[in-house]
Each structure stands twice: as C-alpha cells, then as structure tokens.
2 protein chains.
Amino acid sequence: MISVFDIIAEPNRRAILTLLASGERTVGEIERRLRMTQPAVSKHLRVLREAGFVEATVDAQRRVYRLKPEALLEADTWLEQFRRFWSGHVDALERHLDRMHHPHPKGKAGRK
Amino acid sequence: MISVFDIIAEPNRRAILTLLASGERTVGEIERRLRMTQPAVSKHLRVLREAGFVEATVDAQRRVYRLKPEALLEADTWLEQFRRFWSGHVDALERHLDRMHHPHPKGKAGRK
DNA sequence: TTTGTATATGCCTTGACATGTATATACTTC
DNA sequence: GAAGTATATACATGTCAAGGCATATACAAA
C-alpha cells in the first residue's frame, strides 16, 4: 500500500497532478507539456492510476487522463495539524513558539 | 536541496513531526514514544534539522528538539491548488468533474 | 495488409535512502 | 578519573524506485 506522501514525493508526478488540475489530457499532451519521455509518463500514470489519483478513458488509441482530487485529501488532512501554526495571525505562531520554549510537564525522562 | 515532499514521505519522520507538534522533546523521549532505535531517531532529526523542520537546543547531554512549522507551509501551499475540488459543497466538485468530462479546447494533439 | 500513431510494459542499471551495529563524543555524577 | 548517560556518526547492507531503451499491443489510415 503506497501512501499519498510517496505519490507526491516525486516531482514529475506532482507536475502531472498539477497539469491535470487544469483539465484532462492525453498521454502525449502530458509528454510534450512536461518534456518527459513517453514511457516515463506512462509509468507515472500507472502509479497514479493504481493509487487512485487519476483515471483514464479510452479514445481510440488515446487514453484521456483525468484527476481524481479526493485522493489528495489525506495529505491535506495530515497537514491540518500544523495549519494552526501559520494560519491566523503571526501572534498565534508567536504565542505557540513561546509556549514551546517552556519545559513541558511531561514525565521527566532522566531517571538517574 | 531536499524538498518538503521528500521530508514528509518518510513515515517515521511524519511521526516525529506530529509528536513535536505537541511540544518539544528530547531525543530519548522521541525514541521511546515512537519505539525507534536511537540512531534512527538521530538520523531523522538530522535530516529534519538540516531541512529546517526542527531545531535543537542543548541541555547538558540532552538535545531538546522543537518544531519549526513554517517549513511545512510549502506543502500546504502546493495542495492549495486542489483544495477547491473538495472544499465547499459537493456541488463544486460535481460541477468540476462535469467540466472535466467535456473536451477541452486545447491544441488537438493528433496532427495526422 | 502495410504503415504510422498512441500507449503500455519488460528488462536493466543506477542511485538514493532507511536501518542496524558498532563506536565516538560530550557531559555528569560519584 | 572512572563509570554511566545522552546523542551523534561511520560503515556496511538491503531495498526500492526512477529512468532509459527496446519492444509489444492496439487502433487508424491508406
């Protein structure tokens, strides 16, 4: 089971996703737009397809690929836990950092 | 230059970031909480530190690590381009998917 | 049916990275 | 200073993924 994070770790894959965010494309279009070799594109598309990030419909010899944005939700959800740090005002961040600098009341590790 | 996406692609690294989101910790604390070996923790922390995701202060033999949340902003920013797909109402997504199904008025690729 | 176009796949090489074990370093306490 | 604690680093190893090239497959046009 490959994770969302593995998917978006690859730059070319991110580029493909970004491109598809603007509308569906054929393999050839992606190939030319992103200046990748055709096999490279096909392979990335396969990964993206099997992971549920894109889907394709057949048009004669062409395959038209289309984004399945829901798949990215998980990554966004994970980032949510950090969003509080930068969203809102700088103050919120500052207050937090401030808090971070004080010793937390956790179980003091050094048992010696 | 290692990217944000490479950083968060590693599960243990994500775990460390999540843990640090709740407050600063020493290496030993991380080690025990996440049940990783000490060298593993140190190595991931090194990567995180050099990439600007955490910082450490010295306390005798201990190093207290602390999150630098700003570093994650870039990932959040990248995801922003997809957020419109799922944010708001289902309608928004449906309308989009609908649009995606229609042939886009791009340069028809097949020049033959 | 031959030729061209569009996409997928197989094989191979290469490089990056995560981990484990062992060890070095620094500090502290006795 | 000797022994223990906390962390970093070196080295060796295994895994895995990305890319290149060649080729297979499917469809189309002539």
# chains A, B, ... in the order shown; residues from 1 in each chain; ligands from 1
>>> closest_atom_pairs(of="chain B", to="chain C", cutoff="12 Å", atoms="only C-alpha atoms (C1' of nucleotides)", output="tab-separated table")
residue	atom	partner	partner_atom	distance
B:Ile2	CA	C:DA16	C1'	11.8
B:Asp6	CA	C:DC17	C1'	10.6
B:Ile7	CA	C:DC17	C1'	11.6
B:Ala9	CA	C:DC17	C1'	11.5
B:Glu10	CA	C:DA18	C1'	9.2
B:Pro11	CA	C:DA18	C1'	10.9
B:Asn12	CA	C:DA18	C1'	10.2
B:Arg13	CA	C:DA18	C1'	11.2
B:Met36	CA	C:DT19	C1'	10.3
B:Thr37	CA	C:DG20	C1'	9.0
B:Gln38	CA	C:DG20	C1'	10.8
B:Pro39	CA	C:DG20	C1'	8.9
B:Ala40	CA	C:DT19	C1'	7.1
B:Val41	CA	C:DT19	C1'	10.8
B:Lys43	CA	C:DA18	C1'	9.6
B:His44	CA	C:DA18	C1'	9.5
B:Val47	CA	C:DC17	C1'	11.5
B:Val58	CA	C:DC27	C1'	11.1
B:Asp59	CA	C:DC27	C1'	9.8
B:Ala60	CA	C:DC27	C1'	6.1
B:Gln61	CA	C:DC27	C1'	5.3
B:Arg62	CA	C:DC27	C1'	9.1
B:Arg63	CA	C:DA26	C1'	11.7
B:Ala109	CA	C:DA6	C1'	10.9
B:Gly110	CA	C:DT5	C1'	8.5
B:Arg111	CA	C:DT5	C1'	10.0
B:Lys112	CA	C:DT5	C1'	8.2
>>> interface_residues(of="chain D", to="chain A", cutoff="9 Å", atoms="only C-alpha atoms (C1' of nucleotides)", output="list in words")
DT5, DA18, DG19, DA26, DC27 and DA28 of chain D
>>> closest_atom_pairs(of="chain B", to="chain A", cutoff="7 Å", atoms="only C-alpha atoms", output="JSON lines")
{"residue": "B:Phe5", "atom": "CA", "partner": "A:Ala9", "partner_atom": "CA", "distance": 4.7}
{"residue": "B:Asp6", "atom": "CA", "partner": "A:Ala9", "partner_atom": "CA", "distance": 5.2}
{"residue": "B:Ile8", "atom": "CA", "partner": "A:Phe5", "partner_atom": "CA", "distance": 6.6}
{"residue": "B:Ala9", "atom": "CA", "partner": "A:Phe5", "partner_atom": "CA", "distance": 4.7}
{"residue": "B:Gly23", "atom": "CA", "partner": "A:Met100", "partner_atom": "CA", "distance": 5.7}
{"residue": "B:Glu24", "atom": "CA", "partner": "A:Met100", "partner_atom": "CA", "distance": 6.2}
{"residue": "B:Glu29", "atom": "CA", "partner": "A:Ala109", "partner_atom": "CA", "distance": 6.7}
{"residue": "B:Pro69", "atom": "CA", "partner": "A:Phe85", "partner_atom": "CA", "distance": 6.5}
{"residue": "B:Glu70", "atom": "CA", "partner": "A:Trp86", "partner_atom": "CA", "distance": 6.8}
{"residue": "B:Asp76", "atom": "CA", "partner": "A:Leu79", "partner_atom": "CA", "distance": 6.8}
{"residue": "B:Leu79", "atom": "CA", "partner": "A:Asp76", "partner_atom": "CA", "distance": 6.8}
{"residue": "B:Phe82", "atom": "CA", "partner": "A:Pro69", "partner_atom": "CA", "distance": 6.6}
{"residue": "B:Phe85", "atom": "CA", "partner": "A:Pro69", "partner_atom": "CA", "distance": 6.5}
{"residue": "B:Trp86", "atom": "CA", "partner": "A:Glu70", "partner_atom": "CA", "distance": 6.8}
{"residue": "B:Met100", "atom": "CA", "partner": "A:Gly23", "partner_atom": "CA", "distance": 5.7}
{"residue": "B:Ala109", "atom": "CA", "partner": "A:Glu29", "partner_atom": "CA", "distance": 6.8}
>>> atom_distance(atom1="atom CA of Ala51 of chain B", atom2="atom CA of Arg35 of chain A")
28.8 Å
>>> atom_distance(atom1="atom CA of Phe53 of chain A", atom2="atom CA of Gly52 of chain B")
29.4 Å
>>> select_by_dssp(residues="segment 8-93 of chain A", states="alpha helix (DSSP H)", output="JSON, numbers by chain")
{"A": [11, 12, 13, 14, 15, 16, 17, 18, 19, 20, 21, 27, 28, 29, 30, 31, 32, 33, 34, 38, 39, 40, 41, 42, 43, 44, 45, 46, 47, 48, 49, 50, 73, 74, 75, 76, 77, 78, 79, 80, 81, 82, 83, 84, 85, 86, 90, 91, 92, 93]}
>>> atom_distance(atom1="atom CA of Ile30 of chain A", atom2="atom CA of Glu74 of chain B")
24.4 Å
